[in-house]
Amino acid sequence: MSKEEETGGFRQVCIVTRYELLKHLRRKRLVAVLVITLAVAALQLVVPPAFNIPYAKEPKGFAQSFLGFVDMLIIICGAFFAGDAIASEFEHKTGYVIFPNPVKRVVLFAGKFLAALFSVLLMVGLYYAICAFSMLAIYGTPIVEVSYSFVYAFLYLLGVLGLTFLFSTILRGSMGATLLSFFTLFMILPITQSMLTLTGNEPWYIITYAAGIITQVINPPQVRVEKMTVGNMTVWIFHPDITTSVLVLLAYFLVTVALSILIFRQKQMT
């Protein structure tokens, strides 16, 4: 590939990304998710004092509680911004106009993915910023573990977007792709994870389990596996290994994006 082709491809990616961001703004999606993000942050800060419940004694406890919603925020944002990214082109037949243009499908995919990534990252970054400033106001200092948590949240974000784009690429209906990605990450995988835990098997390969390192890094447990016996029942509590979880999150991102691009390049309008 020549330098001119590389420059042209990069310019096209930027154009697609800009168009997708404008589409999110026009559909009020950024505004809707912004309201959700600010509302959740406000509730975390306002509800405890309103009911005379003191904040955690230590900043780590506050951060772990405040950031407990991050994984859900990422799932919601992923469904909002990526659920119909590819499927809508087939559902609304806009692909008949877009695909014949001299723009490679890989370029279209990259632009759409970057737009979704920027949108979700903006909301997650805002939520982390509110957490950091709140800790500064309440405790007088933030903690470095919050920055580590943000890095792991970014990796989880990549995995969630990759999985959501895969569903959006496979299905032809926007609503179906959006709902499938949301319920897979919100219900199906967590339920599967819980069932495996009950049988004493660590679900280290499930993305929602690996996402546990987002809050775990703030106050790591002393042991990774806890075993408790309640009557005749044995209860297992697993805490994800950070290195393994990072690799799992990266694997979800790389595999799902690769599959999405492969399917998208071969998929026909009819």
# chains A, B, ... in the order shown; residues from 1 in each chain; ligands from 1
>>> residues_around(residues="Ile263 (chain A)", least_positions_apart="4", cutoff="8 Å", atoms="only C-alpha atoms", output="number ranges by chain")
A: 169-170, 259, 267
>>> residues_around(residues="Ile218 (chain A)", least_positions_apart="4", cutoff="10 Å", atoms="only C-alpha atoms", output="CSV table (one decimal) with N, CA and C atoms, in the first residue's frame")
chain,number,residue,atom,x,y,z
A,59,PRO,N,-10.7,6.4,51.6
A,59,PRO,CA,-11.0,6.7,50.2
A,59,PRO,C,-11.1,5.4,49.4
A,60,LYS,N,-10.4,4.3,49.7
A,60,LYS,CA,-10.5,3.1,48.9
A,60,LYS,C,-11.9,2.5,49.0
A,61,GLY,N,-12.5,2.6,50.2
A,61,GLY,CA,-13.9,2.1,50.3
A,61,GLY,C,-14.9,2.9,49.5
A,62,PHE,N,-14.7,4.2,49.5
A,62,PHE,CA,-15.5,5.1,48.7
A,62,PHE,C,-15.4,4.8,47.2
A,63,ALA,N,-14.1,4.7,46.8
A,63,ALA,CA,-13.9,4.5,45.3
A,63,ALA,C,-14.4,3.2,44.9
A,64,GLN,N,-14.3,2.1,45.7
A,64,GLN,CA,-14.7,0.8,45.3
A,64,GLN,C,-16.3,0.8,45.2
A,67,LEU,N,-17.3,3.2,42.1
A,67,LEU,CA,-17.0,2.6,40.8
A,67,LEU,C,-17.7,1.3,40.5
A,143,ILE,N,-6.7,8.6,45.0
A,143,ILE,CA,-5.7,7.4,45.2
A,143,ILE,C,-5.3,6.9,43.8
A,144,VAL,N,-4.1,6.5,43.7
A,144,VAL,CA,-3.6,6.0,42.4
A,144,VAL,C,-4.3,4.8,41.9
A,145,GLU,N,-4.9,4.0,42.8
A,145,GLU,CA,-5.6,2.8,42.3
A,145,GLU,C,-6.8,3.1,41.4
A,146,VAL,N,-7.3,4.4,41.5
A,146,VAL,CA,-8.4,4.7,40.6
A,146,VAL,C,-7.9,4.8,39.1
A,147,SER,N,-6.7,5.2,38.9
A,147,SER,CA,-6.1,5.3,37.6
A,147,SER,C,-5.9,3.9,37.0
A,148,TYR,N,-5.5,2.9,37.9
A,148,TYR,CA,-5.4,1.5,37.5
A,148,TYR,C,-6.8,1.0,37.1
A,149,SER,N,-7.7,1.3,37.9
A,149,SER,CA,-9.1,0.9,37.6
A,149,SER,C,-9.6,1.4,36.3
A,213,ILE,N,-11.9,-7.1,38.0
A,213,ILE,CA,-10.6,-6.4,38.4
A,213,ILE,C,-10.8,-4.9,38.3
A,214,ILE,N,-11.8,-4.4,37.7
A,214,ILE,CA,-12.0,-2.9,37.7
A,214,ILE,C,-12.1,-2.3,39.1
>>> residues_around(residues="region 23-40 of chain A", least_positions_apart="3", cutoff="12 Å", atoms="only C-alpha atoms", output="number ranges by chain")
A: 16-20, 43-47, 66-70, 72-82, 84-85, 112, 115-116, 118-131
>>> select_by_dssp(residues="region 48-115 of chain A", states="alpha helix (DSSP H)", output="NGL selection string")
:A and (48-50 or 59-66 or 70-82 or 87-91 or 95-98 or 105-115)
>>> write_last_selection(atoms="C-alpha atoms", output="PDB file, in the first residue's frame")
ATOM      1  CA  PRO A  48     -25.906   8.710  51.792  1.00  0.00           C
ATOM      2  CA  PRO A  49     -26.005  12.207  53.394  1.00  0.00           C
ATOM      3  CA  ALA A  50     -29.751  12.447  52.745  1.00  0.00           C
ATOM      4  CA  PRO A  59     -11.007   6.664  50.239  1.00  0.00           C
ATOM      5  CA  LYS A  60     -10.490   3.122  48.941  1.00  0.00           C
ATOM      6  CA  GLY A  61     -13.875   2.053  50.304  1.00  0.00           C
ATOM      7  CA  PHE A  62     -15.516   5.086  48.716  1.00  0.00           C
ATOM      8  CA  ALA A  63     -13.859   4.486  45.343  1.00  0.00           C
ATOM      9  CA  GLN A  64     -14.750   0.800  45.322  1.00  0.00           C
ATOM     10  CA  SER A  65     -18.389   1.594  46.041  1.00  0.00           C
ATOM     11  CA  PHE A  66     -18.595   4.534  43.619  1.00  0.00           C
ATOM     12  CA  VAL A  70     -18.766   1.289  35.905  1.00  0.00           C
ATOM     13  CA  ASP A  71     -19.243  -2.133  34.332  1.00  0.00           C
ATOM     14  CA  MET A  72     -22.985  -1.502  33.974  1.00  0.00           C
ATOM     15  CA  LEU A  73     -22.335   1.957  32.532  1.00  0.00           C
ATOM     16  CA  ILE A  74     -20.055   0.418  29.910  1.00  0.00           C
ATOM     17  CA  ILE A  75     -22.683  -2.171  28.962  1.00  0.00           C
ATOM     18  CA  ILE A  76     -25.384   0.503  28.625  1.00  0.00           C
ATOM     19  CA  CYS A  77     -23.120   2.753  26.557  1.00  0.00           C
ATOM     20  CA  GLY A  78     -22.011  -0.146  24.384  1.00  0.00           C
ATOM     21  CA  ALA A  79     -25.626  -1.030  23.596  1.00  0.00           C
ATOM     22  CA  PHE A  80     -26.478   2.622  22.892  1.00  0.00           C
ATOM     23  CA  PHE A  81     -23.569   3.430  20.601  1.00  0.00           C
ATOM     24  CA  ALA A  82     -22.642   0.099  18.997  1.00  0.00           C
ATOM     25  CA  ALA A  87     -27.034  -3.794  11.574  1.00  0.00           C
ATOM     26  CA  SER A  88     -28.775  -0.501  10.780  1.00  0.00           C
ATOM     27  CA  GLU A  89     -27.068  -0.304   7.370  1.00  0.00           C
ATOM     28  CA  PHE A  90     -28.752  -3.592   6.388  1.00  0.00           C
ATOM     29  CA  GLU A  91     -32.037  -3.013   8.199  1.00  0.00           C
ATOM     30  CA  GLY A  95     -25.947   0.070   2.646  1.00  0.00           C
ATOM     31  CA  TYR A  96     -27.178   0.345  -0.941  1.00  0.00           C
ATOM     32  CA  VAL A  97     -25.996   3.967  -0.858  1.00  0.00           C
ATOM     33  CA  ILE A  98     -22.899   3.595   1.313  1.00  0.00           C
ATOM     34  CA  ARG A 105     -15.673  -1.878   4.475  1.00  0.00           C
ATOM     35  CA  VAL A 106     -12.720  -2.106   6.840  1.00  0.00           C
ATOM     36  CA  VAL A 107     -12.554   1.697   6.774  1.00  0.00           C
ATOM     37  CA  LEU A 108     -16.296   1.932   7.494  1.00  0.00           C
ATOM     38  CA  PHE A 109     -15.949  -0.531  10.361  1.00  0.00           C
ATOM     39  CA  ALA A 110     -12.951   1.330  11.815  1.00  0.00           C
ATOM     40  CA  GLY A 111     -14.743   4.683  11.682  1.00  0.00           C
ATOM     41  CA  LYS A 112     -17.878   3.320  13.314  1.00  0.00           C
ATOM     42  CA  PHE A 113     -15.862   1.537  16.000  1.00  0.00           C
ATOM     43  CA  LEU A 114     -13.790   4.622  16.803  1.00  0.00           C
ATOM     44  CA  ALA A 115     -16.925   6.757  17.074  1.00  0.00           C
TER      45      ALA A 115
END
>>> atom_distance(atom1="CA of Ile242 (chain A)", atom2="CA of Val151 (chain A)")
11.9 Å
>>> closest_residue(among="A:Met233, A:Val223, A:Ile86, A:Ala210", to="Gly159 (chain A)", atoms="only C-alpha atoms")
A:Ala210
>>> atom_distance(atom1="CA of Ala251 (chain A)", atom2="CA of Leu166 (chain A)")
13.8 Å
>>> select_by_dssp(residues="region 29-266 of chain A", states="strand (DSSP E)", output="ChimeraX atom specification")
/A:225-230,233-238
>>> atom_distance(atom1="CA of Phe51 (chain A)", atom2="CA of Ala132 (chain A)")
23.0 Å
>>> residues_around(residues="Ser260 (chain A)", least_positions_apart="2", cutoff="9 Å", atoms="only C-alpha atoms", output="MDAnalysis selection string")
chainID A and resid 109 162:163 165:170 255:258 262:265
>>> write_last_selection(atoms="C-alpha atoms", output="mmCIF file, in the first residue's frame")
data_model
loop_
_atom_site.group_PDB
_atom_site.id
_atom_site.type_symbol
_atom_site.label_atom_id
_atom_site.label_comp_id
_atom_site.auth_asym_id
_atom_site.auth_seq_id
_atom_site.Cartn_x
_atom_site.Cartn_y
_atom_site.Cartn_z
ATOM 1 C CA PHE A 109 -15.949 -0.531 10.361
ATOM 2 C CA GLY A 162 -16.056 -5.861 20.206
ATOM 3 C CA LEU A 163 -18.791 -8.261 21.326
ATOM 4 C CA PHE A 165 -20.155 -5.025 17.106
ATOM 5 C CA LEU A 166 -20.028 -8.776 16.458
ATOM 6 C CA PHE A 167 -23.750 -9.101 17.247
ATOM 7 C CA SER A 168 -24.471 -6.007 15.156
ATOM 8 C CA THR A 169 -22.552 -7.534 12.251
ATOM 9 C CA ILE A 170 -24.235 -10.938 12.451
ATOM 10 C CA VAL A 255 -11.195 -12.018 18.422
ATOM 11 C CA THR A 256 -14.582 -10.294 18.213
ATOM 12 C CA VAL A 257 -13.244 -7.389 16.134
ATOM 13 C CA ALA A 258 -11.457 -9.771 13.755
ATOM 14 C CA LEU A 262 -14.421 -10.819 8.398
ATOM 15 C CA ILE A 263 -18.215 -11.195 8.463
ATOM 16 C CA PHE A 264 -18.850 -7.572 7.504
ATOM 17 C CA ARG A 265 -16.594 -7.842 4.450
#
>>> closest_residue(among="A:Pro221, A:Gly173, A:Gly212, A:Pro102", to="Tyr156 (chain A)", atoms="only C-alpha atoms")
A:Gly212
>>> residues_around(residues="region 204-209 of chain A", least_positions_apart="6", cutoff="9 Å", atoms="only C-alpha atoms", output="list of chain:residue names")
A:Asp71, A:Tyr156, A:Gly159, A:Val160, A:Leu185, A:Phe186, A:Leu189, A:Pro190, A:Thr192, A:Gln193, A:His239, A:Pro240, A:Asp241, A:Thr244, A:Ser245, A:Val248, A:Leu249, A:Tyr252
>>> write_last_selection(atoms="C-alpha atoms", output="PDB file, in the first residue's frame")
ATOM      1  CA  ASP A  71     -19.243  -2.133  34.332  1.00  0.00           C
ATOM      2  CA  TYR A 156     -13.387  -4.040  29.406  1.00  0.00           C
ATOM      3  CA  GLY A 159     -14.157  -6.153  24.874  1.00  0.00           C
ATOM      4  CA  VAL A 160     -17.779  -5.027  25.277  1.00  0.00           C
ATOM      5  CA  LEU A 185     -23.610  -8.962  29.134  1.00  0.00           C
ATOM      6  CA  PHE A 186     -26.214  -8.016  31.740  1.00  0.00           C
ATOM      7  CA  LEU A 189     -23.027 -14.270  31.083  1.00  0.00           C
ATOM      8  CA  PRO A 190     -23.416 -13.191  34.754  1.00  0.00           C
ATOM      9  CA  THR A 192     -23.584 -18.516  33.699  1.00  0.00           C
ATOM     10  CA  GLN A 193     -20.752 -17.121  35.797  1.00  0.00           C
ATOM     11  CA  HIS A 239     -11.547 -13.243  42.847  1.00  0.00           C
ATOM     12  CA  PRO A 240     -10.224 -12.801  39.281  1.00  0.00           C
ATOM     13  CA  ASP A 241      -6.485 -12.884  38.678  1.00  0.00           C
ATOM     14  CA  THR A 244      -5.321 -13.566  33.377  1.00  0.00           C
ATOM     15  CA  SER A 245      -8.242 -11.147  33.268  1.00  0.00           C
ATOM     16  CA  VAL A 248      -9.054 -12.407  28.576  1.00  0.00           C
ATOM     17  CA  LEU A 249     -10.325  -8.858  27.990  1.00  0.00           C
ATOM     18  CA  TYR A 252     -12.369 -10.787  23.595  1.00  0.00           C
TER      19      TYR A 252
END
